[in-house]
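Undergrad: My structure is stored as entry.txt, with compact mmCIF, C-alpha atoms and all ligand atoms.
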# COMPACT_ATOMS: atom_id res chain seq x y z
CA MET A 1 6.28 -13.35 12.23
CA HIS A 2 8.51 -14.61 15.02
CA ARG A 3 11.05 -12.40 16.72
CA ARG A 4 14.03 -14.17 15.21
CA ASP A 5 12.54 -14.20 11.73
CA PHE A 6 11.89 -10.49 11.89
CA PHE A 7 15.47 -9.69 12.85
CA LYS A 8 16.80 -12.10 10.24
CA LYS A 9 14.79 -10.26 7.63
CA VAL A 10 16.08 -6.88 8.79
CA VAL A 11 19.68 -8.08 9.10
CA PHE A 12 19.47 -9.73 5.72
CA SER A 13 18.65 -6.38 4.16
CA PHE A 14 21.55 -4.80 6.09
CA ALA A 15 23.90 -7.50 4.80
CA GLY A 16 22.84 -6.68 1.26
CA PHE A 17 23.37 -3.03 2.02
CA ALA A 18 26.92 -3.74 3.24
CA ILE A 19 27.69 -5.43 -0.08
CA GLY A 20 26.31 -2.33 -1.77
CA GLN A 21 28.65 -0.12 0.22
CA SER A 22 31.73 -2.10 -0.67
CA LEU A 23 30.76 -2.06 -4.35
CA GLN A 24 30.39 1.67 -4.20
CA GLN A 25 33.84 2.00 -2.62
CA THR A 26 35.24 -0.08 -5.44
CA ILE A 27 33.61 2.17 -8.01
CA ALA A 28 34.99 5.24 -6.28
CA GLN A 29 38.49 3.71 -6.32
CA GLN A 30 38.15 2.87 -9.99
CA LEU A 31 37.21 6.42 -10.82
CA GLN A 32 40.12 7.75 -8.78
CA THR A 33 42.63 5.62 -10.63
CA ASN A 34 41.07 6.43 -13.98
CA PRO A 35 39.38 9.80 -13.57
CA THR A 36 39.12 10.46 -17.31
CA GLY A 37 37.81 7.01 -18.14
CA THR A 38 34.29 6.22 -19.23
CA PRO A 39 32.03 6.15 -16.18
CA HIS A 40 31.21 2.67 -15.00
CA PRO A 41 27.52 1.83 -15.56
CA LEU A 42 27.07 1.34 -11.80
CA THR A 43 27.88 5.00 -11.18
CA ASN A 44 24.40 5.81 -12.44
CA PRO A 45 22.63 7.04 -9.28
CA LYS A 46 19.60 4.86 -10.14
CA ASN A 47 21.59 1.69 -9.67
CA PRO A 48 20.28 -1.67 -8.47
CA LEU A 49 21.77 -1.08 -5.01
CA ASP A 50 18.83 1.20 -4.29
CA ILE A 51 16.80 -1.74 -3.09
CA GLU A 52 18.92 -1.92 0.07
CA VAL A 53 17.17 1.12 1.54
CA PRO A 54 14.72 -0.15 4.17
CA PHE A 55 11.03 0.51 3.49
CA VAL A 56 9.09 -0.50 6.61
CA HIS A 57 5.35 -0.91 7.13
CA ASN A 58 5.53 -2.49 10.56
CA GLY A 59 7.77 -3.42 13.44
CA PRO A 60 8.38 -6.85 14.93
CA GLY A 61 5.21 -8.82 15.62
CA PHE A 62 6.33 -10.40 18.89
CA GLY A 63 5.30 -8.88 22.23
CA ARG A 64 2.62 -6.18 22.32
CA ARG A 65 4.41 -3.17 20.89
CA VAL A 66 2.89 -0.74 18.41
CA ALA A 67 4.15 2.62 17.13
CA ILE A 68 1.80 5.55 17.05
CA THR A 69 2.72 8.23 14.52
CA PHE A 70 1.51 11.78 13.91
CA ASP A 71 2.04 13.48 10.55
CA ASP A 72 1.93 17.02 9.14
CA GLY A 73 2.71 19.11 12.26
CA PRO A 74 3.95 20.72 14.29
CA VAL A 75 1.24 23.34 14.67
CA PRO A 76 0.09 25.25 17.75
CA ILE A 77 -2.92 24.03 19.73
CA THR A 78 -3.51 20.62 18.14
CA THR A 79 0.11 19.38 18.41
CA GLU A 80 0.18 20.71 21.97
CA MET A 81 -3.02 18.79 22.79
CA VAL A 82 -1.51 15.60 21.39
CA LEU A 83 1.67 16.18 23.42
CA LYS A 84 -0.35 16.52 26.63
CA ALA A 85 -2.30 13.31 25.99
CA LEU A 86 0.98 11.43 25.38
CA GLU A 87 2.75 12.98 28.35
CA SER A 88 0.03 12.21 30.89
CA ARG A 89 0.19 8.55 29.87
CA LYS A 90 3.99 8.45 29.49
CA ILE A 91 3.67 7.21 25.91
CA PRO A 92 6.37 7.85 23.26
CA ALA A 93 5.33 8.57 19.67
CA THR A 94 6.90 9.56 16.37
CA PHE A 95 6.09 12.90 14.72
CA PHE A 96 6.71 13.19 10.98
CA MET A 97 7.08 16.91 10.58
CA LEU A 98 6.72 19.20 7.61
CA GLY A 99 9.67 21.54 7.09
CA GLU A 100 7.40 24.53 6.53
CA HIS A 101 5.81 23.97 9.94
CA VAL A 102 9.15 23.45 11.67
CA LYS A 103 10.29 26.71 10.10
CA ALA A 104 7.19 28.52 11.39
CA TYR A 105 7.15 26.86 14.86
CA PRO A 106 10.71 25.81 15.74
CA SER A 107 10.08 25.99 19.50
CA LEU A 108 7.17 23.58 19.16
CA ALA A 109 9.38 21.14 17.24
CA ARG A 110 11.92 21.49 20.06
CA GLU A 111 9.21 20.80 22.62
CA VAL A 112 8.21 17.58 20.86
CA HIS A 113 11.83 16.45 20.86
CA SER A 114 12.43 17.42 24.51
CA ALA A 115 9.36 15.41 25.53
CA GLY A 116 11.22 12.31 24.32
CA HIS A 117 9.38 11.68 21.05
CA GLU A 118 11.08 10.78 17.79
CA ILE A 119 11.00 13.28 14.93
CA GLY A 120 10.87 12.12 11.33
CA ASN A 121 11.02 13.94 8.01
CA HIS A 122 7.75 14.44 6.10
CA THR A 123 9.16 16.79 3.39
CA PHE A 124 8.98 20.58 3.31
CA ASN A 125 5.46 21.19 1.99
CA HIS A 126 3.84 17.83 1.37
CA PRO A 127 4.27 17.19 -2.36
CA GLN A 128 3.71 13.83 -4.01
CA LEU A 129 7.38 12.90 -4.24
CA SER A 130 6.79 10.11 -6.76
CA LYS A 131 5.84 12.77 -9.34
CA LEU A 132 8.85 15.04 -8.76
CA PRO A 133 12.28 14.94 -10.41
CA ASP A 134 15.11 13.67 -8.22
CA ALA A 135 16.62 17.11 -7.61
CA LEU A 136 13.36 18.45 -6.18
CA VAL A 137 12.79 15.33 -4.08
CA GLU A 138 16.24 15.75 -2.58
CA GLN A 139 15.65 19.43 -1.95
CA GLN A 140 12.32 18.75 -0.18
CA ILE A 141 13.95 16.24 2.13
CA ARG A 142 17.30 17.97 2.67
CA VAL A 143 15.83 21.36 3.55
CA THR A 144 13.54 19.68 6.08
CA GLN A 145 16.42 17.71 7.61
CA ASP A 146 18.33 20.95 8.11
CA LEU A 147 15.34 22.79 9.59
CA ILE A 148 14.74 19.96 12.07
CA VAL A 149 18.43 19.88 13.04
CA ASP A 150 18.42 23.65 13.56
CA ALA A 151 15.25 23.57 15.66
CA THR A 152 15.86 20.44 17.74
CA GLY A 153 19.52 19.44 17.47
CA THR A 154 18.51 16.01 16.22
CA ARG A 155 18.74 14.64 12.67
CA PRO A 156 15.87 12.38 11.61
CA VAL A 157 16.71 8.86 10.42
CA TRP A 158 13.27 8.07 8.99
CA LEU A 159 11.43 9.65 6.07
CA ARG A 160 7.69 9.33 5.69
CA PRO A 161 6.78 10.31 2.14
CA PRO A 162 3.42 12.14 1.93
CA TYR A 163 0.65 9.75 0.76
CA GLY A 164 3.24 6.95 1.02
CA ALA A 165 4.19 7.94 -2.53
CA PHE A 166 7.85 7.07 -2.96
CA LYS A 167 9.29 4.88 -5.69
CA ARG A 168 12.01 2.28 -5.29
CA SER A 169 13.81 4.12 -8.07
CA GLN A 170 13.94 7.16 -5.75
CA ALA A 171 15.40 5.18 -2.86
CA HIS A 172 18.94 6.31 -3.69
CA ILE A 173 17.93 9.80 -2.52
CA ALA A 174 16.86 8.45 0.88
CA TYR A 175 20.11 6.49 1.02
CA LYS A 176 22.16 9.58 0.24
CA LEU A 177 20.52 11.40 3.14
CA LYS A 178 20.79 8.33 5.41
CA LEU A 179 17.05 7.94 5.80
CA GLY A 180 14.96 4.81 5.96
CA VAL A 181 11.41 4.96 4.60
CA ALA A 182 8.77 4.51 7.30
CA LEU A 183 5.28 3.75 6.03
CA TRP A 184 2.37 2.33 8.08
CA ASN A 185 -0.08 -0.54 8.18
CA VAL A 186 -2.98 0.99 10.11
CA ASP A 187 -4.50 3.96 8.29
CA THR A 188 -7.12 5.62 10.50
CA ARG A 189 -8.07 8.05 7.70
CA ASP A 190 -8.52 10.61 10.47
CA TRP A 191 -8.01 13.42 7.95
CA THR A 192 -11.46 12.62 6.49
CA LYS A 193 -12.95 13.53 9.89
CA PRO A 194 -14.84 10.25 10.21
CA GLY A 195 -15.61 10.65 13.93
CA ILE A 196 -13.87 9.03 16.86
CA ARG A 197 -16.08 5.94 16.80
CA LYS A 198 -14.99 5.10 13.24
CA ILE A 199 -11.33 5.79 14.06
CA LEU A 200 -11.48 3.43 17.04
CA GLU A 201 -13.25 0.83 14.91
CA ILE A 202 -10.41 0.88 12.35
CA ILE A 203 -7.78 0.75 15.09
CA GLU A 204 -9.51 -2.17 16.80
CA LYS A 205 -9.91 -4.11 13.55
CA GLU A 206 -6.46 -3.53 12.10
CA THR A 207 -4.01 -3.14 14.97
CA ARG A 208 -1.72 -6.09 15.70
CA PRO A 209 1.55 -6.33 17.62
CA GLY A 210 4.06 -4.55 15.38
CA SER A 211 1.54 -2.15 13.86
CA ILE A 212 2.48 1.35 12.81
CA ILE A 213 -0.60 3.55 13.25
CA LEU A 214 -1.07 6.67 11.12
CA LEU A 215 -2.68 9.77 12.63
CA HIS A 216 -2.37 13.52 12.00
CA ASP A 217 -1.66 16.07 14.71
CA ILE A 218 -3.01 18.96 12.61
CA HIS A 219 -6.64 17.84 12.94
CA LYS A 220 -8.74 19.04 15.85
CA GLU A 221 -10.77 15.85 16.01
CA THR A 222 -7.62 13.74 16.28
CA ALA A 223 -6.08 16.04 18.87
CA GLN A 224 -9.24 16.07 20.99
CA ASN A 225 -9.46 12.29 20.90
CA THR A 226 -5.80 11.27 21.20
CA GLY A 227 -6.34 10.45 24.89
CA ARG A 228 -9.24 8.15 24.02
CA ILE A 229 -7.27 6.43 21.28
CA LEU A 230 -4.32 5.86 23.62
CA ASP A 231 -6.57 4.61 26.44
CA PHE A 232 -8.27 2.24 24.02
CA LEU A 233 -4.90 0.74 23.03
CA LEU A 234 -3.78 0.63 26.67
CA GLU A 235 -6.93 -1.32 27.54
CA LYS A 236 -5.94 -3.85 24.88
CA GLU A 237 -2.58 -4.09 26.68
CA TYR A 238 -0.53 -2.64 23.86
CA GLU A 239 2.83 -1.06 24.60
CA PHE A 240 4.26 1.86 22.69
CA SER A 241 7.49 2.56 20.89
CA THR A 242 8.96 5.11 18.53
CA ILE A 243 9.84 3.88 15.05
CA SER A 244 13.54 3.70 15.91
CA GLY A 245 12.76 2.12 19.28
CA PHE A 246 10.94 -0.54 17.33
CA ILE A 247 13.10 -1.08 14.29
CA GLY A 248 16.38 0.65 15.12
CA ASN A 249 18.39 3.04 13.02
CA PRO A 250 17.96 2.07 9.35
CA TYR A 251 21.70 2.16 8.66
CA VAL A 252 23.17 0.67 11.82
CA HIS A 253 24.21 -2.96 11.61
CA GLU A 254 22.73 -5.18 14.26
CA SER A 255 23.44 -8.77 15.02
CA VAL A 256 20.61 -11.29 15.11
CA PRO A 257 19.45 -11.58 18.74
CA SER A 258 19.31 -15.13 20.00
ZN ZN A 301 1.11 13.99 5.48
Go ahead and render the structure in this file as structure tokens.
Ligand SMILES: [Zn+2]
TA:
Amino acid sequence: MHRRDFFKKVVFSFAGFAIGQSLQQTIAQQLQTNPTGTPHPLTNPKNPLDIEVPFVHNGPGFGRRVAITFDDGPVPITTEMVLKALESRKIPATFFMLGEHVKAYPSLAREVHSAGHEIGNHTFNHPQLSKLPDALVEQQIRVTQDLIVDATGTRPVWLRPPYGAFKRSQAHIAYKLKLGVALWNVDTRDWTKPGIRKILEIIEKETRPGSIILLHDIHKETAQNTGRILDFLLEKEYEFSTISGFIGNPYVHESVPS
């Protein structure tokens, strides 16, 4: 996809979102003027405006940028090894953290943030959100947002649902918490411990400009080989970005660059 087309697509979804916002304001005004009236059907939280929440699998395909992402941390040793490999190569990454790990290791979460990486929300303890009722989904995400804010002073703008399991009908929860949904398009399956050769094979075969690469900083094999993975991508002349560096903030309007 060309640069302009990509931004048009993104801006188009923002334009739709803006319409959604104004409709919601109208509904709120209606309810204020007639607080005892029958609720308007659009006040149902599962309304059609949910589709305006961005679900992204990749960034723009122009240039050579990719986003490398690490899920399930932060944990001592392996996250620290990943941080060192990134730091020595001056490469930014995005860490989708579990609330329970941020709670246990807040200083490590802070270290990831201070090193210039982006932090995203990966729920509190890794449930399959698509199988949970809305109230529990919200709780999983909200508690994790608060833990990350307390530990790092930054509030994530991207949610990565565990297993990528998140329904469009749940998007209103992400919207309420001002989170976009960041998925991936290169799955290294590193959690199956396939060996570095297999991981590099998948990365070589599937990575394109704009790719979002999924790895896990809780696995020793991944942590030990992060340097090799990064060097491999550097050899292919890829450049690196965080998810927001790539795509921007999911709820900030941007004009189409010329
Ligand atoms: Zn995960």
Undergrad: Using all atoms listed in the file, which residues have at least one atom no more than 7 Å from ligand ZN 301 (chain A)? Output them as number ranges by chain.
TA: A: 71-72, 122, 126, 162-163
Undergrad: I'd like the contact shell of A:His216 - 10 Å cut-off, all atoms listed in the file, skipping same-chain residues fewer than 4 positions apart - returned as a PyMOL selection string.
TA: chain A and resi 69-74+78-79+82+95-96+188-191+220-223
Undergrad: Would you work out the distance separating atom CA of A:Ser88 from atom CA of A:Phe240, expressed in Å to one decimal?
TA: 13.9 Å
Undergrad: Given the choices A:Leu233, A:Ile173, A:Leu159, A:Leu147, which gets closest to A:Arg64 if the distance is worked out from all atoms listed in the file?
TA: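 Closest to A:Arg64 of all the choices is A:Leu233.
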Undergrad: Identify which of the residues A:Glu52, A:Glu100, A:Glu206, A:Glu138 lies closest to A:Trp184, counting only C-alpha atoms when measuring atom-to-atom distances.
TA: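 For A:Trp184, the nearest of the candidates is A:Glu206.
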Undergrad: When you look at stretch 228-232 of chain A with a cut-off of 12 Å (counting all atoms listed in the file), what residues show up, excluding the ones that are within fewer than 4 positions of it in the same chain? I need them as an NGL selection string.
TA: :A and (66-69 or 82-93 or 188 or 190 or 195-204 or 207 or 213-215 or 221-224 or 236-240)
Undergrad: Which distance in Å separates atom CA of A:Arg110 and atom CA of A:Asp150, to one decimal?
TA: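 Rounded to one decimal, the two atoms are 9.4 Å apart.
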Undergrad: Fewer than 3 positions away in the same chain doesn't count, so skip those; otherwise give me all residues within 12 Å of A:Pro133, counting all atoms listed in the file, as JSON, numbers by chain.
TA: {"A": [127, 128, 129, 130, 136, 137, 138, 139, 140, 166, 167, 169, 170, 173]}
Undergrad: In Å, rounded to a single decimal, give me how far atom CA of A:Ser244 is from atom CA of A:Lys205.
TA: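 Between atom CA of A:Lys205 and atom CA of A:Ser244 the gap is 24.8 Å.
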Undergrad: For stretch 125-141 of chain A, write N, CA and C atoms out as a tab-separated table (two decimals), in the first residue's frame.
TA:
chain	number	residue	atom	x	y	z
A	125	ASN	N	-3.99	-10.63	33.70
A	125	ASN	CA	-3.40	-11.98	33.81
A	125	ASN	C	-3.71	-12.89	32.63
A	126	HIS	N	-3.77	-12.27	31.45
A	126	HIS	CA	-3.76	-13.03	30.20
A	126	HIS	C	-4.99	-13.91	29.95
A	127	PRO	N	-6.19	-13.43	30.21
A	127	PRO	CA	-7.35	-14.26	29.87
A	127	PRO	C	-7.69	-14.12	28.39
A	128	GLN	N	-8.56	-15.00	27.92
A	128	GLN	CA	-9.09	-14.86	26.56
A	128	GLN	C	-10.27	-13.90	26.65
A	129	LEU	N	-10.03	-12.65	26.33
A	129	LEU	CA	-11.04	-11.60	26.55
A	129	LEU	C	-12.35	-11.89	25.80
A	130	SER	N	-12.24	-12.52	24.65
A	130	SER	CA	-13.44	-12.75	23.83
A	130	SER	C	-14.44	-13.67	24.54
A	131	LYS	N	-13.99	-14.35	25.60
A	131	LYS	CA	-14.90	-15.27	26.32
A	131	LYS	C	-15.42	-14.66	27.62
A	132	LEU	N	-14.98	-13.44	27.92
A	132	LEU	CA	-15.36	-12.82	29.20
A	132	LEU	C	-16.50	-11.82	29.02
A	133	PRO	N	-17.32	-11.65	30.07
A	133	PRO	CA	-18.33	-10.59	30.01
A	133	PRO	C	-17.66	-9.21	30.03
A	134	ASP	N	-18.39	-8.22	29.49
A	134	ASP	CA	-17.83	-6.88	29.34
A	134	ASP	C	-17.22	-6.33	30.63
A	135	ALA	N	-17.90	-6.55	31.76
A	135	ALA	CA	-17.42	-5.95	33.01
A	135	ALA	C	-16.04	-6.49	33.37
A	136	LEU	N	-15.82	-7.78	33.13
A	136	LEU	CA	-14.52	-8.37	33.46
A	136	LEU	C	-13.44	-7.94	32.46
A	137	VAL	N	-13.84	-7.78	31.21
A	137	VAL	CA	-12.89	-7.30	30.19
A	137	VAL	C	-12.41	-5.91	30.59
A	138	GLU	N	-13.36	-5.07	30.95
A	138	GLU	CA	-13.00	-3.70	31.34
A	138	GLU	C	-12.09	-3.71	32.56
A	139	GLN	N	-12.42	-4.56	33.51
A	139	GLN	CA	-11.61	-4.62	34.73
A	139	GLN	C	-10.17	-5.06	34.43
A	140	GLN	N	-10.03	-6.08	33.59
A	140	GLN	CA	-8.70	-6.57	33.20
A	140	GLN	C	-7.85	-5.44	32.59
A	141	ILE	N	-8.50	-4.65	31.75
A	141	ILE	CA	-7.75	-3.61	31.04
A	141	ILE	C	-7.52	-2.40	31.94
